[in-house]
$ cat data22.pdb   # PDB, C-alpha atoms
MODEL        1
ATOM      1  CA  MET A   1      -6.775  -8.012  -8.430  1.00  0.00           C
ATOM      2  CA  ALA A   2      -6.439 -11.157  -6.339  1.00  0.00           C
ATOM      3  CA  THR A   3      -3.597 -11.585  -3.900  1.00  0.00           C
ATOM      4  CA  LEU A   4      -1.697 -14.733  -3.055  1.00  0.00           C
ATOM      5  CA  LEU A   5      -2.104 -14.240   0.682  1.00  0.00           C
ATOM      6  CA  SER A   6      -5.361 -14.664   2.554  1.00  0.00           C
ATOM      7  CA  LYS A   7      -6.864 -11.596   4.242  1.00  0.00           C
ATOM      8  CA  THR A   8      -5.865 -13.190   7.546  1.00  0.00           C
ATOM      9  CA  ALA A   9      -2.194 -13.413   6.524  1.00  0.00           C
ATOM     10  CA  GLU A  10      -2.254  -9.964   4.927  1.00  0.00           C
ATOM     11  CA  TYR A  11      -3.723  -8.342   8.046  1.00  0.00           C
ATOM     12  CA  GLY A  12      -1.396 -10.338  10.290  1.00  0.00           C
ATOM     13  CA  LEU A  13       1.703  -9.208   8.408  1.00  0.00           C
ATOM     14  CA  ARG A  14       0.521  -5.603   8.453  1.00  0.00           C
ATOM     15  CA  ALA A  15      -0.289  -5.780  12.191  1.00  0.00           C
ATOM     16  CA  VAL A  16       3.121  -7.264  13.033  1.00  0.00           C
ATOM     17  CA  LEU A  17       4.851  -4.562  10.986  1.00  0.00           C
ATOM     18  CA  TYR A  18       2.762  -1.897  12.702  1.00  0.00           C
ATOM     19  CA  ILE A  19       3.634  -3.239  16.158  1.00  0.00           C
ATOM     20  CA  ALA A  20       7.327  -3.433  15.240  1.00  0.00           C
ATOM     21  CA  LEU A  21       7.287   0.159  13.990  1.00  0.00           C
ATOM     22  CA  ASN A  22       5.487   1.550  17.012  1.00  0.00           C
ATOM     23  CA  GLN A  23       6.669  -0.448  20.034  1.00  0.00           C
ATOM     24  CA  THR A  24      10.184   0.985  20.145  1.00  0.00           C
ATOM     25  CA  ASP A  25      11.942   4.304  20.135  1.00  0.00           C
ATOM     26  CA  GLY A  26      14.807   2.806  18.131  1.00  0.00           C
ATOM     27  CA  LYS A  27      16.743   1.616  21.175  1.00  0.00           C
ATOM     28  CA  SER A  28      14.356  -0.028  23.604  1.00  0.00           C
ATOM     29  CA  ILE A  29      10.788  -1.218  23.825  1.00  0.00           C
ATOM     30  CA  LYS A  30       8.677   1.804  24.547  1.00  0.00           C
ATOM     31  CA  LYS A  31       5.042   0.791  24.821  1.00  0.00           C
ATOM     32  CA  TRP A  32       2.315  -1.754  24.351  1.00  0.00           C
ATOM     33  CA  ILE A  33       0.201  -1.266  21.218  1.00  0.00           C
ATOM     34  CA  ASP A  34      -3.532  -1.820  21.642  1.00  0.00           C
ATOM     35  CA  ALA A  35      -5.742  -3.552  19.099  1.00  0.00           C
ATOM     36  CA  GLU A  36      -8.017  -0.542  18.729  1.00  0.00           C
ATOM     37  CA  GLU A  37      -5.064   1.606  17.612  1.00  0.00           C
ATOM     38  CA  ILE A  38      -3.865  -1.036  15.150  1.00  0.00           C
ATOM     39  CA  ALA A  39      -7.337  -1.531  13.677  1.00  0.00           C
ATOM     40  CA  ARG A  40      -7.951   2.209  13.372  1.00  0.00           C
ATOM     41  CA  ASP A  41      -4.594   3.100  11.847  1.00  0.00           C
ATOM     42  CA  LEU A  42      -4.521   0.148   9.445  1.00  0.00           C
ATOM     43  CA  LYS A  43      -8.242   0.369   8.633  1.00  0.00           C
ATOM     44  CA  ILE A  44      -8.822  -3.274   9.548  1.00  0.00           C
ATOM     45  CA  PRO A  45     -12.148  -4.358  11.077  1.00  0.00           C
ATOM     46  CA  GLN A  46     -11.426  -4.663  14.806  1.00  0.00           C
ATOM     47  CA  HIS A  47     -13.355  -7.929  15.314  1.00  0.00           C
ATOM     48  CA  PHE A  48     -11.389  -9.577  12.488  1.00  0.00           C
ATOM     49  CA  LEU A  49      -8.078  -8.168  13.738  1.00  0.00           C
ATOM     50  CA  ALA A  50      -8.797  -9.578  17.198  1.00  0.00           C
ATOM     51  CA  LYS A  51      -9.001 -13.095  15.730  1.00  0.00           C
ATOM     52  CA  VAL A  52      -5.787 -12.570  13.758  1.00  0.00           C
ATOM     53  CA  ILE A  53      -3.936 -11.269  16.810  1.00  0.00           C
ATOM     54  CA  GLN A  54      -5.222 -14.156  18.903  1.00  0.00           C
ATOM     55  CA  LYS A  55      -3.621 -16.591  16.434  1.00  0.00           C
ATOM     56  CA  LEU A  56      -0.345 -14.628  16.524  1.00  0.00           C
ATOM     57  CA  VAL A  57      -0.312 -14.743  20.332  1.00  0.00           C
ATOM     58  CA  LYS A  58      -1.043 -18.483  20.330  1.00  0.00           C
ATOM     59  CA  ALA A  59       1.788 -19.040  17.822  1.00  0.00           C
ATOM     60  CA  GLY A  60       4.245 -17.163  20.053  1.00  0.00           C
ATOM     61  CA  ILE A  61       4.839 -14.319  17.612  1.00  0.00           C
ATOM     62  CA  ILE A  62       3.502 -11.543  19.829  1.00  0.00           C
ATOM     63  CA  TYR A  63       2.946 -11.017  23.555  1.00  0.00           C
ATOM     64  CA  SER A  64      -0.425 -10.005  24.898  1.00  0.00           C
ATOM     65  CA  LYS A  65      -1.040  -8.005  28.068  1.00  0.00           C
ATOM     66  CA  ARG A  66      -4.556  -7.411  29.376  1.00  0.00           C
ATOM     67  CA  GLY A  67      -5.761  -4.312  31.102  1.00  0.00           C
ATOM     68  CA  LYS A  68      -5.762  -0.550  30.732  1.00  0.00           C
ATOM     69  CA  SER A  69      -2.025  -0.331  30.051  1.00  0.00           C
ATOM     70  CA  GLY A  70      -2.012  -3.546  28.035  1.00  0.00           C
ATOM     71  CA  GLY A  71      -1.747  -4.332  24.378  1.00  0.00           C
ATOM     72  CA  PHE A  72       0.703  -6.177  22.172  1.00  0.00           C
ATOM     73  CA  ARG A  73       4.441  -6.400  21.555  1.00  0.00           C
ATOM     74  CA  LEU A  74       6.582  -8.635  19.412  1.00  0.00           C
ATOM     75  CA  ARG A  75       7.854 -11.737  21.175  1.00  0.00           C
ATOM     76  CA  LYS A  76      10.900 -11.974  18.885  1.00  0.00           C
ATOM     77  CA  SER A  77      13.100  -9.146  17.736  1.00  0.00           C
ATOM     78  CA  PRO A  78      12.265  -7.903  14.208  1.00  0.00           C
ATOM     79  CA  GLU A  79      15.609  -9.172  12.879  1.00  0.00           C
ATOM     80  CA  LYS A  80      14.783 -12.723  13.986  1.00  0.00           C
ATOM     81  CA  LEU A  81      11.151 -12.797  12.910  1.00  0.00           C
ATOM     82  CA  LYS A  82      10.751 -14.277   9.431  1.00  0.00           C
ATOM     83  CA  LEU A  83       7.735 -13.523   7.259  1.00  0.00           C
ATOM     84  CA  LEU A  84       7.170 -17.248   6.798  1.00  0.00           C
ATOM     85  CA  ASP A  85       6.696 -17.632  10.591  1.00  0.00           C
ATOM     86  CA  ILE A  86       3.815 -15.163  10.445  1.00  0.00           C
ATOM     87  CA  VAL A  87       2.185 -16.608   7.326  1.00  0.00           C
ATOM     88  CA  PHE A  88       2.440 -20.182   8.660  1.00  0.00           C
ATOM     89  CA  ALA A  89       0.985 -19.141  12.023  1.00  0.00           C
ATOM     90  CA  LEU A  90      -2.047 -17.665  10.290  1.00  0.00           C
ATOM     91  CA  ASP A  91      -2.601 -19.884   7.258  1.00  0.00           C
ATOM     92  CA  GLY A  92      -0.778 -23.080   8.164  1.00  0.00           C
ATOM     93  CA  GLY A  93       1.202 -23.091   4.945  1.00  0.00           C
ATOM     94  CA  LYS A  94      -1.919 -23.027   2.752  1.00  0.00           C
ATOM     95  CA  LEU A  95      -0.169 -20.705   0.287  1.00  0.00           C
ATOM     96  CA  LEU A  96       2.539 -23.290  -0.254  1.00  0.00           C
ATOM     97  CA  LYS A  97       0.210 -26.292  -0.552  1.00  0.00           C
ATOM     98  CA  ASP A  98      -2.989 -25.334  -2.348  1.00  0.00           C
ATOM     99  CA  CYS A  99      -3.578 -25.289  -6.074  1.00  0.00           C
ATOM    100  CA  VAL A 100      -3.305 -21.771  -7.462  1.00  0.00           C
ATOM    101  CA  LEU A 101      -6.507 -22.367  -9.440  1.00  0.00           C
ATOM    102  CA  GLY A 102      -8.285 -23.676  -6.350  1.00  0.00           C
ATOM    103  CA  LEU A 103      -8.797 -27.151  -7.778  1.00  0.00           C
ATOM    104  CA  PRO A 104      -9.246 -29.661  -4.920  1.00  0.00           C
ATOM    105  CA  ASN A 105      -7.725 -32.679  -6.712  1.00  0.00           C
ATOM    106  CA  CYS A 106      -4.615 -30.996  -8.078  1.00  0.00           C
ATOM    107  CA  SER A 107      -1.403 -32.786  -7.053  1.00  0.00           C
ATOM    108  CA  ASP A 108       1.922 -33.934  -8.459  1.00  0.00           C
ATOM    109  CA  LYS A 109       0.192 -37.132  -9.605  1.00  0.00           C
ATOM    110  CA  SER A 110      -2.840 -35.337 -11.040  1.00  0.00           C
ATOM    111  CA  PRO A 111      -1.621 -31.828 -11.962  1.00  0.00           C
ATOM    112  CA  CYS A 112      -3.758 -28.957 -13.185  1.00  0.00           C
ATOM    113  CA  PRO A 113      -2.591 -27.105 -16.324  1.00  0.00           C
ATOM    114  CA  VAL A 114      -0.434 -24.651 -14.305  1.00  0.00           C
ATOM    115  CA  HIS A 115       0.697 -26.997 -11.519  1.00  0.00           C
ATOM    116  CA  ASN A 116       4.329 -27.298 -12.545  1.00  0.00           C
ATOM    117  CA  TYR A 117       4.708 -23.544 -13.108  1.00  0.00           C
ATOM    118  CA  TRP A 118       3.065 -22.776  -9.773  1.00  0.00           C
ATOM    119  CA  ARG A 119       5.271 -25.302  -7.966  1.00  0.00           C
ATOM    120  CA  ASN A 120       8.379 -23.386  -9.099  1.00  0.00           C
ATOM    121  CA  ILE A 121       6.878 -20.015  -8.173  1.00  0.00           C
ATOM    122  CA  ARG A 122       5.712 -21.412  -4.842  1.00  0.00           C
ATOM    123  CA  GLU A 123       9.256 -22.509  -4.016  1.00  0.00           C
ATOM    124  CA  GLU A 124      10.569 -19.016  -4.825  1.00  0.00           C
ATOM    125  CA  ILE A 125       7.909 -17.465  -2.604  1.00  0.00           C
ATOM    126  CA  LYS A 126       8.752 -19.882   0.209  1.00  0.00           C
ATOM    127  CA  GLN A 127      12.445 -19.058  -0.095  1.00  0.00           C
ATOM    128  CA  MET A 128      11.808 -15.302  -0.062  1.00  0.00           C
ATOM    129  CA  PHE A 129       9.435 -15.526   2.938  1.00  0.00           C
ATOM    130  CA  SER A 130      11.967 -17.767   4.727  1.00  0.00           C
ATOM    131  CA  GLU A 131      14.773 -15.256   4.223  1.00  0.00           C
ATOM    132  CA  LYS A 132      12.988 -11.909   4.664  1.00  0.00           C
ATOM    133  CA  THR A 133      12.648 -10.591   8.180  1.00  0.00           C
ATOM    134  CA  VAL A 134      10.338  -7.994   9.656  1.00  0.00           C
ATOM    135  CA  LYS A 135      13.370  -5.760  10.212  1.00  0.00           C
ATOM    136  CA  GLU A 136      14.252  -5.886   6.515  1.00  0.00           C
ATOM    137  CA  LEU A 137      10.743  -4.777   5.597  1.00  0.00           C
ATOM    138  CA  LEU A 138      10.908  -1.975   8.140  1.00  0.00           C
ATOM    139  CA  LYS A 139      13.987  -0.604   6.356  1.00  0.00           C
ATOM    140  CA  GLU A 140      11.785  -0.041   3.308  1.00  0.00           C
ATOM    141  CA  ASP A 141       9.542   3.000   3.186  1.00  0.00           C
ATOM    142  CA  LEU A 142       6.425   0.882   3.619  1.00  0.00           C
ATOM    143  CA  LYS A 143       2.915   2.206   3.584  1.00  0.00           C
ATOM    144  CA  ILE A 144       1.265  -0.415   5.795  1.00  0.00           C
TER     145      ILE A 144
ENDMDL
END

$ encode --input "data22.pdb" --output "structure tokens"
Amino acid sequence: MATLLSKTAEYGLRAVLYIALNQTDGKSIKKWIDAEEIARDLKIPQHFLAKVIQKLVKAGIIYSKRGKSGGFRLRKSPEKLKLLDIVFALDGGKLLKDCVLGLPNCSDKSPCPVHNYWRNIREEIKQMFSEKTVKELLKEDLKI
């Protein structure tokens, strides 16, 4: 089954959730999470994860610290980090712009057969991703 998110966005969301779950002891930041641990535990190819994390660092979503005791931490608190911030950092809003059928010329002026339906669904997705925070997802019993 196809997903709406790219692999990049999917892995990025999962990595951010993993970091949020593992960087704290519930009260304070506890440790830096290294990419090798994230890749191993989430079963994501490490070379691909490195590119995803690099984009998240560049977008200001996570901190990066080099060295033996280095790794990654969230730059924002989980209650302030919206899912849309992560998806936009990784895909540039592609999910909310592209034709769901992948047709290059689909637009409001030249719609594909499902354009108007997808536009409504896309707006609902955008609203949900704009409202949902990482903290809210962490409250769920997620299997990331």

$ resolve_selection --input "data22.pdb" --expression "the PyMOL selection byres ((chain A and resi 127-134) around 6)" --output "list of chain:residue names"
A:Pro78, A:Glu79, A:Leu81, A:Lys82, A:Leu83, A:Leu84, A:Glu124, A:Ile125, A:Lys126, A:Lys135, A:Glu136, A:Leu137

$ closest_residue --input "data22.pdb" --among "A:Asp34, A:Asp98, A:Asp41, A:Asp91" --to "Phe72 in chain A" --atoms "only C-alpha atoms"
A:Asp34

$ resolve_selection --input "data22.pdb" --expression "the PyMOL selection byres ((chain A and resi 60-69) around 9)" --output "list in words"
Val16, Lys31, Trp32, Asp34, Ile53, Gln54, Lys55, Leu56, Val57, Lys58, Ala59, Gly70, Gly71, Phe72, Arg73, Leu74, Arg75, Lys76, Leu81, Asp85, Ile86 and Ala89 of chain A

$ closest_residue --input "data22.pdb" --among "A:Lys7, A:Lys109, A:Lys80, A:His47" --to "Ala20 in chain A" --atoms "all atoms listed in the file"
A:Lys80

$ residues_around --input "data22.pdb" --residues "Tyr18 in chain A" --least-positions-apart "4" --cutoff "9 Å" --atoms "all atoms listed in the file" --output "list of chain:residue names"
A:Leu13, A:Arg14, A:Asn22, A:Gln23, A:Ile33, A:Ile38, A:Asp41, A:Leu42, A:Ile144

$ closest_residue --input "data22.pdb" --among "A:Leu90, A:Val114, A:Val100, A:Cys106" --to "Glu10 in chain A" --atoms "only C-alpha atoms"
A:Leu90

$ atom_distance --input "data22.pdb" --atom1 "CA of Ala9 in chain A" --atom2 "CA of Val87 in chain A"
5.5 Å

$ atom_distance --input "data22.pdb" --atom1 "CA of Leu5 in chain A" --atom2 "CA of Leu103 in chain A"
16.8 Å

$ atom_distance --input "data22.pdb" --atom1 "CA of Trp118 in chain A" --atom2 "CA of Thr8 in chain A"
21.7 Å

$ axis_aligned_box --input "data22.pdb" --around "range 97-113 of chain A" --padding-each-side "6 Å" --output "AutoDock Vina command-line options"
--center_x -3.7 --center_y -29.5 --center_z -8.4 --size_x 23.2 --size_y 27.4 --size_z 27.8

$ closest_residue --input "data22.pdb" --among "A:Ala15, A:Arg122, A:Ser77, A:Lys30" --to "Lys97 in chain A" --atoms "all atoms listed in the file"
A:Arg122
